[in-house]
Structures are given as C-alpha cells and as structure tokens.
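Peer 1: Contents of protein.txt (compact mmCIF, N, CA and C atoms) are below:
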# COMPACT_ATOMS: atom_id res chain seq x y z
N MET W 17 -16.70 203.70 169.98
CA MET W 17 -15.54 203.17 169.28
C MET W 17 -14.29 203.82 169.87
N ARG W 18 -13.26 203.05 170.00
CA ARG W 18 -12.02 203.55 170.60
C ARG W 18 -11.35 204.59 169.71
N LYS W 19 -10.83 205.63 170.33
CA LYS W 19 -10.05 206.63 169.62
C LYS W 19 -8.58 206.39 169.92
N PHE W 20 -7.78 206.32 168.87
CA PHE W 20 -6.34 206.11 168.99
C PHE W 20 -5.61 207.39 168.64
N THR W 21 -4.63 207.75 169.43
CA THR W 21 -3.69 208.78 169.01
C THR W 21 -2.64 208.07 168.15
N LEU W 22 -1.84 208.83 167.42
CA LEU W 22 -0.77 208.21 166.64
C LEU W 22 0.20 207.46 167.55
N GLU W 23 0.45 208.01 168.72
CA GLU W 23 1.34 207.35 169.68
C GLU W 23 0.77 206.01 170.14
N GLU W 24 -0.53 205.97 170.44
CA GLU W 24 -1.17 204.71 170.85
C GLU W 24 -1.16 203.70 169.71
N LEU W 25 -1.40 204.17 168.50
CA LEU W 25 -1.41 203.28 167.35
C LEU W 25 -0.06 202.59 167.16
N ARG W 26 1.01 203.31 167.42
CA ARG W 26 2.36 202.74 167.27
C ARG W 26 2.58 201.48 168.12
N ALA W 27 1.86 201.37 169.21
CA ALA W 27 2.00 200.19 170.08
C ALA W 27 1.44 198.92 169.43
N PHE W 28 0.64 199.08 168.38
CA PHE W 28 0.03 197.94 167.71
C PHE W 28 0.77 197.65 166.40
N ASP W 29 2.06 197.40 166.54
CA ASP W 29 2.94 197.22 165.38
C ASP W 29 3.03 195.78 164.91
N GLY W 30 2.33 194.86 165.56
CA GLY W 30 2.29 193.48 165.12
C GLY W 30 3.47 192.63 165.49
N ARG W 31 4.45 193.19 166.15
CA ARG W 31 5.64 192.41 166.51
C ARG W 31 5.40 191.46 167.66
N SER W 32 4.65 191.92 168.66
CA SER W 32 4.39 191.05 169.81
C SER W 32 2.92 191.12 170.21
N GLY W 33 2.08 191.43 169.25
CA GLY W 33 0.65 191.53 169.51
C GLY W 33 -0.08 191.90 168.23
N PRO W 34 -1.26 192.50 168.36
CA PRO W 34 -2.05 192.83 167.18
C PRO W 34 -1.36 193.84 166.26
N ALA W 35 -1.72 193.74 164.98
CA ALA W 35 -1.22 194.66 163.96
C ALA W 35 -2.37 195.54 163.50
N TYR W 36 -2.30 196.84 163.80
CA TYR W 36 -3.32 197.79 163.41
C TYR W 36 -2.70 198.80 162.44
N ILE W 37 -3.52 199.22 161.48
CA ILE W 37 -3.12 200.31 160.58
C ILE W 37 -4.27 201.29 160.50
N ALA W 38 -3.95 202.53 160.17
CA ALA W 38 -4.98 203.54 159.99
C ALA W 38 -5.06 203.92 158.52
N PHE W 39 -6.30 204.18 158.06
CA PHE W 39 -6.55 204.68 156.72
C PHE W 39 -7.75 205.60 156.77
N GLU W 40 -7.55 206.84 156.34
CA GLU W 40 -8.61 207.84 156.30
C GLU W 40 -9.39 207.93 157.60
N GLY W 41 -8.66 207.91 158.71
CA GLY W 41 -9.26 208.12 160.01
C GLY W 41 -9.80 206.88 160.70
N ARG W 42 -9.83 205.75 160.01
CA ARG W 42 -10.29 204.50 160.63
C ARG W 42 -9.08 203.64 160.95
N VAL W 43 -9.19 202.87 162.03
CA VAL W 43 -8.12 201.96 162.43
C VAL W 43 -8.59 200.53 162.18
N TYR W 44 -7.79 199.80 161.41
CA TYR W 44 -8.12 198.43 161.01
C TYR W 44 -7.19 197.43 161.69
N ASP W 45 -7.74 196.27 162.04
CA ASP W 45 -6.94 195.17 162.60
C ASP W 45 -6.57 194.24 161.45
N VAL W 46 -5.32 194.27 161.03
CA VAL W 46 -4.85 193.43 159.93
C VAL W 46 -4.08 192.20 160.43
N SER W 47 -4.21 191.92 161.72
CA SER W 47 -3.47 190.81 162.34
C SER W 47 -3.72 189.47 161.67
N GLY W 48 -4.92 189.25 161.17
CA GLY W 48 -5.27 187.95 160.60
C GLY W 48 -4.75 187.72 159.20
N SER W 49 -4.11 188.70 158.61
CA SER W 49 -3.63 188.56 157.24
C SER W 49 -2.19 188.05 157.20
N PHE W 50 -1.95 187.01 156.40
CA PHE W 50 -0.58 186.52 156.24
C PHE W 50 0.30 187.56 155.55
N LEU W 51 -0.32 188.53 154.88
CA LEU W 51 0.45 189.59 154.22
C LEU W 51 0.96 190.63 155.21
N TRP W 52 0.53 190.53 156.46
CA TRP W 52 0.99 191.46 157.51
C TRP W 52 1.73 190.71 158.62
N ARG W 53 2.38 189.63 158.27
CA ARG W 53 3.12 188.83 159.24
C ARG W 53 4.15 189.68 159.96
N ASP W 54 4.17 189.59 161.28
CA ASP W 54 5.10 190.35 162.13
C ASP W 54 4.98 191.86 161.93
N GLY W 55 3.79 192.30 161.47
CA GLY W 55 3.54 193.73 161.35
C GLY W 55 4.19 194.40 160.15
N ARG W 56 4.66 193.61 159.19
CA ARG W 56 5.30 194.17 157.98
C ARG W 56 4.51 193.72 156.76
N HIS W 57 4.38 194.62 155.78
CA HIS W 57 3.68 194.31 154.54
C HIS W 57 4.58 194.69 153.37
N GLN W 58 4.86 193.71 152.53
CA GLN W 58 5.69 193.93 151.34
C GLN W 58 7.02 194.60 151.67
N ALA W 59 7.54 194.36 152.83
CA ALA W 59 8.84 194.86 153.28
C ALA W 59 8.94 196.38 153.25
N GLY W 60 7.83 197.08 153.03
CA GLY W 60 7.92 198.52 152.97
C GLY W 60 6.95 199.26 153.88
N HIS W 61 6.00 198.55 154.45
CA HIS W 61 5.00 199.19 155.29
C HIS W 61 4.96 198.51 156.65
N SER W 62 4.79 199.32 157.67
CA SER W 62 4.76 198.79 159.03
C SER W 62 3.42 199.05 159.68
N ALA W 63 2.93 198.05 160.40
CA ALA W 63 1.72 198.24 161.20
C ALA W 63 2.03 199.24 162.31
N GLY W 64 0.98 199.77 162.89
CA GLY W 64 1.16 200.77 163.92
C GLY W 64 1.31 202.16 163.33
N SER W 65 0.90 202.32 162.06
CA SER W 65 1.09 203.58 161.34
C SER W 65 -0.19 204.02 160.64
N ASP W 66 -0.25 205.31 160.34
CA ASP W 66 -1.29 205.85 159.47
C ASP W 66 -0.78 205.68 158.04
N LEU W 67 -1.40 204.81 157.29
CA LEU W 67 -0.95 204.50 155.94
C LEU W 67 -1.84 205.11 154.87
N THR W 68 -2.55 206.16 155.21
CA THR W 68 -3.48 206.78 154.27
C THR W 68 -2.81 207.12 152.94
N GLU W 69 -1.72 207.84 152.97
CA GLU W 69 -1.07 208.25 151.73
C GLU W 69 -0.47 207.06 150.99
N ASP W 70 0.08 206.10 151.73
CA ASP W 70 0.68 204.92 151.09
C ASP W 70 -0.37 204.08 150.38
N ILE W 71 -1.51 203.90 151.01
CA ILE W 71 -2.57 203.08 150.41
C ILE W 71 -3.15 203.76 149.18
N LYS W 72 -3.23 205.07 149.21
CA LYS W 72 -3.73 205.79 148.03
C LYS W 72 -2.81 205.57 146.83
N LYS W 73 -1.53 205.28 147.07
CA LYS W 73 -0.56 205.06 145.99
C LYS W 73 -0.36 203.58 145.68
N ALA W 74 -1.02 202.70 146.41
CA ALA W 74 -0.81 201.26 146.27
C ALA W 74 -1.38 200.73 144.95
N PRO W 75 -0.85 199.61 144.48
CA PRO W 75 -1.36 199.02 143.24
C PRO W 75 -2.76 198.42 143.40
N HIS W 76 -3.20 198.26 144.63
CA HIS W 76 -4.56 197.77 144.89
C HIS W 76 -5.37 198.92 145.49
N GLY W 77 -6.67 198.78 145.45
CA GLY W 77 -7.54 199.81 146.00
C GLY W 77 -7.76 199.65 147.49
N ALA W 78 -8.27 200.69 148.10
CA ALA W 78 -8.55 200.68 149.53
C ALA W 78 -9.68 199.72 149.89
N GLU W 79 -10.43 199.27 148.88
CA GLU W 79 -11.53 198.33 149.16
C GLU W 79 -11.03 197.04 149.79
N LEU W 80 -9.76 196.72 149.64
CA LEU W 80 -9.21 195.52 150.29
C LEU W 80 -9.30 195.61 151.81
N LEU W 81 -9.33 196.82 152.34
CA LEU W 81 -9.42 196.98 153.79
C LEU W 81 -10.78 196.56 154.33
N GLU W 82 -11.79 196.48 153.47
CA GLU W 82 -13.13 196.10 153.91
C GLU W 82 -13.19 194.71 154.52
N ARG W 83 -12.22 193.88 154.23
CA ARG W 83 -12.23 192.52 154.79
C ARG W 83 -11.68 192.48 156.22
N PHE W 84 -11.15 193.60 156.71
CA PHE W 84 -10.59 193.65 158.05
C PHE W 84 -11.51 194.42 159.00
N PRO W 85 -11.55 194.01 160.26
CA PRO W 85 -12.41 194.71 161.22
C PRO W 85 -11.89 196.11 161.55
N VAL W 86 -12.81 197.05 161.66
CA VAL W 86 -12.49 198.39 162.13
C VAL W 86 -12.53 198.33 163.66
N VAL W 87 -11.42 198.72 164.29
CA VAL W 87 -11.34 198.63 165.75
C VAL W 87 -11.33 200.00 166.43
N GLY W 88 -11.34 201.06 165.62
CA GLY W 88 -11.36 202.39 166.21
C GLY W 88 -11.19 203.47 165.18
N VAL W 89 -10.98 204.67 165.67
CA VAL W 89 -10.74 205.83 164.81
C VAL W 89 -9.46 206.51 165.26
N LEU W 90 -8.85 207.20 164.33
CA LEU W 90 -7.61 207.92 164.62
C LEU W 90 -7.97 209.32 165.08
N ALA W 91 -7.61 209.65 166.30
CA ALA W 91 -7.98 210.93 166.91
C ALA W 91 -7.16 212.08 166.40
N GLU W 92 -5.94 211.83 165.94
CA GLU W 92 -5.03 212.91 165.54
C GLU W 92 -5.02 213.10 164.04
N ARG W 93 -6.16 213.26 163.47
CA ARG W 93 -6.24 213.43 162.03
C ARG W 93 -6.94 214.74 161.77
N GLY W 94 -6.40 215.53 160.88
CA GLY W 94 -6.99 216.82 160.58
C GLY W 94 -8.28 216.67 159.80
N GLY W 95 -9.05 217.73 159.71
CA GLY W 95 -10.26 217.73 158.92
C GLY W 95 -11.47 217.26 159.69
N ALA W 96 -12.52 216.95 158.98
CA ALA W 96 -13.81 216.65 159.59
C ALA W 96 -13.85 215.30 160.28
N ASP W 97 -12.96 214.37 159.91
CA ASP W 97 -13.04 213.05 160.52
C ASP W 97 -12.04 212.84 161.63
N GLY W 98 -11.52 213.85 162.20
CA GLY W 98 -10.61 213.56 163.25
C GLY W 98 -10.31 214.73 164.06
Hey, can you dump this file as structure tokens for me?

Peer 2:
Amino acid sequence: MRKFTLEELRAFDGRSGPAYIAFEGRVYDVSGSFLWRDGRHQAGHSAGSDLTEDIKKAPHGAELLERFPVVGVLAERGGADG
C-alpha cells in the first residue's frame, strides 16, 4: 500500500485531480462524493489534509469513510500506526 507524507497528500486536494483525505493513518479517496466537489466539504474542510481531529468532532461518525476506498497510509503520523 502506498505511503503518503503530508506533503504528498497535499497534492491530492481535488482541485485538478483526485481528492484524498487522511483519517487515523489511512488515506481515503473521496473523489466520487458530491459532498467533496472541488476538494471542499461543507465549506470548512479541504481534501489533501489529515482530517483526523476534524472528523472526530463531526456530527457524523467516522463509519461514513467506510464507503470510500483506502488508497494508502499516512507515513507522517505519530504512534504505532505511522
């Protein structure tokens, strides 16, 4: 599985290509979601970012990410998973 640095992840901001986000060390492709059009979600979140803390505070659970493909792991994450 591909390992992304935070810098590499930033290139997948959804503006002119795929929209990827990271959550708890996994990188998800959210390009197919109309809620991530042009790499923006709810006008407050941008693709190409580690959204772990933001998703933990979201009104929905992280289980929503299960519908998106995992395309890699985040290499620059502290702890056991990165």

Peer 1: Could you write out, as number ranges by chain, all the residues of chain W that DSSP marks as helix (DSSP H, G or I)?

Peer 2: W: 22-26, 50-55, 68-72, 78-83

Peer 1: Check the DSSP output for the backbone and give back, as an MDAnalysis selection string, the residues of chain W in strand (DSSP E or B).

Peer 2: chainID W and resid 18:20 29 35:39 42:45 56:57 61:62 65:66 86:90

Peer 1: Find the residues around Ala38 in chain W up to 6.5 Å (all atoms listed in the file counted), leave out those fewer than 6 positions away in its own chain, and share them as a ChimeraX atom specification.

Peer 2: /W:44,64-68

Peer 1: If we count only C-alpha atoms, what is near range 52-62 of chain W at a cut-off of 7 Å, once residues fewer than 5 positions away on the same chain are taken out, given as a VMD selection string?

Peer 2: chain W and resid 29 to 31 35 46 to 47

Peer 1: Separation of atom C of Ile71 in chain W and CA of Tyr36 in chain W, in Å?

Peer 2: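 Between these atoms lies a distance of 15.4 Å.
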
Peer 1: To one decimal in Å, tell me the separation between atom N of Gly48 in chain W and atom C of Ala27 in chain W.

Peer 2: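 Rounded to one decimal, the two atoms are 14.2 Å apart.
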
Peer 1: What is the distance between CA of Leu80 in chain W and CA of Leu51 in chain W, in Å to one decimal?

Peer 2: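 So the two atoms, CA of Leu80 in chain W and CA of Leu51 in chain W, lie 12.0 Å apart.
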
Peer 1: Skipping near chain neighbours, those fewer than 2 positions away, what residues fall within 7 Å of Leu22 in chain W using all atoms listed in the file, listed as a VMD selection string?

Peer 2: chain W and resid 20 24 to 27 64 66 90 to 92

Peer 1: Measuring atom to atom with only N, CA and C atoms, identify which of W:Ser32, W:Val43, W:Ala74, W:Ile37 is nearest to Val89 in chain W.

Peer 2: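 Of all the options, W:Val43 lies closest to Val89 in chain W.
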
Peer 1: May I have the residues within 7 Å of range 81-87 of chain W as a list in words, using all atoms listed in the file and disregarding those fewer than 3 positions away in the same chain?

Peer 2: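 The neighbour list is Met17, Arg18, Lys19, Arg42, Val43, Tyr44, Asp45, Val46, Gly77 and Ala78 of chain W.
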
Peer 1: Which residue out of W:Phe50, W:Ala63, W:Asp70, W:Gly41 has the minimum interatomic distance to Thr21 in chain W when only C-alpha atoms are used?

Peer 2: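 So, comparing all the options, the nearest one is W:Gly41.
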
Peer 1: Enclose range 42-58 of chain W, meaning all of its atoms listed in the file, in a box aligned along x, y and z, pad it by 3 Å on each side, and list the centre and edge lengths in Å to one decimal, as lines of an AutoDock Vina configuration file.

Peer 2:
center_x = -1.6
center_y = 196.1
center_z = 157.0
size_x = 23.3
size_y = 25.2
size_z = 17.3

Peer 1: Write range 34-59 of chain W as a PDB file, keeping the file's coordinate frame, completed to N, CA, C and O atoms.

Peer 2:
ATOM      1  N   PRO W  34      -1.260 192.500 168.360  1.00  0.00           N
ATOM      2  CA  PRO W  34      -2.050 192.830 167.180  1.00  0.00           C
ATOM      3  C   PRO W  34      -1.360 193.840 166.260  1.00  0.00           C
ATOM      4  O   PRO W  34      -0.556 194.649 166.695  1.00  0.00           O
ATOM      5  N   ALA W  35      -1.720 193.740 164.980  1.00  0.00           N
ATOM      6  CA  ALA W  35      -1.220 194.660 163.960  1.00  0.00           C
ATOM      7  C   ALA W  35      -2.370 195.540 163.500  1.00  0.00           C
ATOM      8  O   ALA W  35      -3.339 195.051 162.907  1.00  0.00           O
ATOM      9  N   TYR W  36      -2.300 196.840 163.800  1.00  0.00           N
ATOM     10  CA  TYR W  36      -3.320 197.790 163.410  1.00  0.00           C
ATOM     11  C   TYR W  36      -2.700 198.800 162.440  1.00  0.00           C
ATOM     12  O   TYR W  36      -1.546 199.209 162.600  1.00  0.00           O
ATOM     13  N   ILE W  37      -3.520 199.220 161.480  1.00  0.00           N
ATOM     14  CA  ILE W  37      -3.120 200.310 160.580  1.00  0.00           C
ATOM     15  C   ILE W  37      -4.270 201.290 160.500  1.00  0.00           C
ATOM     16  O   ILE W  37      -5.427 200.930 160.695  1.00  0.00           O
ATOM     17  N   ALA W  38      -3.950 202.530 160.170  1.00  0.00           N
ATOM     18  CA  ALA W  38      -4.980 203.540 159.990  1.00  0.00           C
ATOM     19  C   ALA W  38      -5.060 203.920 158.520  1.00  0.00           C
ATOM     20  O   ALA W  38      -4.041 203.956 157.817  1.00  0.00           O
ATOM     21  N   PHE W  39      -6.300 204.180 158.060  1.00  0.00           N
ATOM     22  CA  PHE W  39      -6.550 204.680 156.720  1.00  0.00           C
ATOM     23  C   PHE W  39      -7.750 205.600 156.770  1.00  0.00           C
ATOM     24  O   PHE W  39      -8.818 205.201 157.220  1.00  0.00           O
ATOM     25  N   GLU W  40      -7.550 206.840 156.340  1.00  0.00           N
ATOM     26  CA  GLU W  40      -8.610 207.840 156.300  1.00  0.00           C
ATOM     27  C   GLU W  40      -9.390 207.930 157.600  1.00  0.00           C
ATOM     28  O   GLU W  40     -10.615 207.993 157.605  1.00  0.00           O
ATOM     29  N   GLY W  41      -8.660 207.910 158.710  1.00  0.00           N
ATOM     30  CA  GLY W  41      -9.260 208.120 160.010  1.00  0.00           C
ATOM     31  C   GLY W  41      -9.800 206.880 160.700  1.00  0.00           C
ATOM     32  O   GLY W  41     -10.170 206.931 161.876  1.00  0.00           O
ATOM     33  N   ARG W  42      -9.830 205.750 160.010  1.00  0.00           N
ATOM     34  CA  ARG W  42     -10.290 204.500 160.630  1.00  0.00           C
ATOM     35  C   ARG W  42      -9.080 203.640 160.950  1.00  0.00           C
ATOM     36  O   ARG W  42      -8.099 203.633 160.212  1.00  0.00           O
ATOM     37  N   VAL W  43      -9.190 202.870 162.030  1.00  0.00           N
ATOM     38  CA  VAL W  43      -8.120 201.960 162.430  1.00  0.00           C
ATOM     39  C   VAL W  43      -8.590 200.530 162.180  1.00  0.00           C
ATOM     40  O   VAL W  43      -9.649 200.121 162.666  1.00  0.00           O
ATOM     41  N   TYR W  44      -7.790 199.800 161.410  1.00  0.00           N
ATOM     42  CA  TYR W  44      -8.120 198.430 161.010  1.00  0.00           C
ATOM     43  C   TYR W  44      -7.190 197.430 161.690  1.00  0.00           C
ATOM     44  O   TYR W  44      -5.993 197.691 161.826  1.00  0.00           O
ATOM     45  N   ASP W  45      -7.740 196.270 162.040  1.00  0.00           N
ATOM     46  CA  ASP W  45      -6.940 195.170 162.600  1.00  0.00           C
ATOM     47  C   ASP W  45      -6.570 194.240 161.450  1.00  0.00           C
ATOM     48  O   ASP W  45      -7.423 193.512 160.930  1.00  0.00           O
ATOM     49  N   VAL W  46      -5.320 194.270 161.030  1.00  0.00           N
ATOM     50  CA  VAL W  46      -4.850 193.430 159.930  1.00  0.00           C
ATOM     51  C   VAL W  46      -4.080 192.200 160.430  1.00  0.00           C
ATOM     52  O   VAL W  46      -3.437 191.508 159.656  1.00  0.00           O
ATOM     53  N   SER W  47      -4.210 191.920 161.720  1.00  0.00           N
ATOM     54  CA  SER W  47      -3.470 190.810 162.340  1.00  0.00           C
ATOM     55  C   SER W  47      -3.720 189.470 161.670  1.00  0.00           C
ATOM     56  O   SER W  47      -2.822 188.625 161.622  1.00  0.00           O
ATOM     57  N   GLY W  48      -4.920 189.250 161.170  1.00  0.00           N
ATOM     58  CA  GLY W  48      -5.270 187.950 160.600  1.00  0.00           C
ATOM     59  C   GLY W  48      -4.750 187.720 159.200  1.00  0.00           C
ATOM     60  O   GLY W  48      -4.918 186.636 158.650  1.00  0.00           O
ATOM     61  N   SER W  49      -4.110 188.700 158.610  1.00  0.00           N
ATOM     62  CA  SER W  49      -3.630 188.560 157.240  1.00  0.00           C
ATOM     63  C   SER W  49      -2.190 188.050 157.200  1.00  0.00           C
ATOM     64  O   SER W  49      -1.304 188.629 157.830  1.00  0.00           O
ATOM     65  N   PHE W  50      -1.950 187.010 156.400  1.00  0.00           N
ATOM     66  CA  PHE W  50      -0.580 186.520 156.240  1.00  0.00           C
ATOM     67  C   PHE W  50       0.300 187.560 155.550  1.00  0.00           C
ATOM     68  O   PHE W  50       1.518 187.508 155.645  1.00  0.00           O
ATOM     69  N   LEU W  51      -0.320 188.530 154.880  1.00  0.00           N
ATOM     70  CA  LEU W  51       0.450 189.590 154.220  1.00  0.00           C
ATOM     71  C   LEU W  51       0.960 190.630 155.210  1.00  0.00           C
ATOM     72  O   LEU W  51       1.737 191.508 154.834  1.00  0.00           O
ATOM     73  N   TRP W  52       0.530 190.530 156.460  1.00  0.00           N
ATOM     74  CA  TRP W  52       0.990 191.460 157.510  1.00  0.00           C
ATOM     75  C   TRP W  52       1.730 190.710 158.620  1.00  0.00           C
ATOM     76  O   TRP W  52       1.710 191.105 159.768  1.00  0.00           O
ATOM     77  N   ARG W  53       2.380 189.630 158.270  1.00  0.00           N
ATOM     78  CA  ARG W  53       3.120 188.830 159.240  1.00  0.00           C
ATOM     79  C   ARG W  53       4.150 189.680 159.960  1.00  0.00           C
ATOM     80  O   ARG W  53       4.894 190.439 159.340  1.00  0.00           O
ATOM     81  N   ASP W  54       4.170 189.590 161.280  1.00  0.00           N
ATOM     82  CA  ASP W  54       5.100 190.350 162.130  1.00  0.00           C
ATOM     83  C   ASP W  54       4.980 191.860 161.930  1.00  0.00           C
ATOM     84  O   ASP W  54       5.929 192.603 162.143  1.00  0.00           O
ATOM     85  N   GLY W  55       3.790 192.300 161.470  1.00  0.00           N
ATOM     86  CA  GLY W  55       3.540 193.730 161.350  1.00  0.00           C
ATOM     87  C   GLY W  55       4.190 194.400 160.150  1.00  0.00           C
ATOM     88  O   GLY W  55       4.230 195.620 160.070  1.00  0.00           O
ATOM     89  N   ARG W  56       4.660 193.610 159.190  1.00  0.00           N
ATOM     90  CA  ARG W  56       5.300 194.170 157.980  1.00  0.00           C
ATOM     91  C   ARG W  56       4.510 193.720 156.760  1.00  0.00           C
ATOM     92  O   ARG W  56       4.066 192.582 156.676  1.00  0.00           O
ATOM     93  N   HIS W  57       4.380 194.620 155.780  1.00  0.00           N
ATOM     94  CA  HIS W  57       3.680 194.310 154.540  1.00  0.00           C
ATOM     95  C   HIS W  57       4.580 194.690 153.370  1.00  0.00           C
ATOM     96  O   HIS W  57       5.027 195.834 153.267  1.00  0.00           O
ATOM     97  N   GLN W  58       4.860 193.710 152.530  1.00  0.00           N
ATOM     98  CA  GLN W  58       5.690 193.930 151.340  1.00  0.00           C
ATOM     99  C   GLN W  58       7.020 194.600 151.670  1.00  0.00           C
ATOM    100  O   GLN W  58       7.545 195.373 150.876  1.00  0.00           O
ATOM    101  N   ALA W  59       7.540 194.360 152.830  1.00  0.00           N
ATOM    102  CA  ALA W  59       8.840 194.860 153.280  1.00  0.00           C
ATOM    103  C   ALA W  59       8.940 196.380 153.250  1.00  0.00           C
ATOM    104  O   ALA W  59      10.015 196.926 153.445  1.00  0.00           O
TER     105      ALA W  59
END
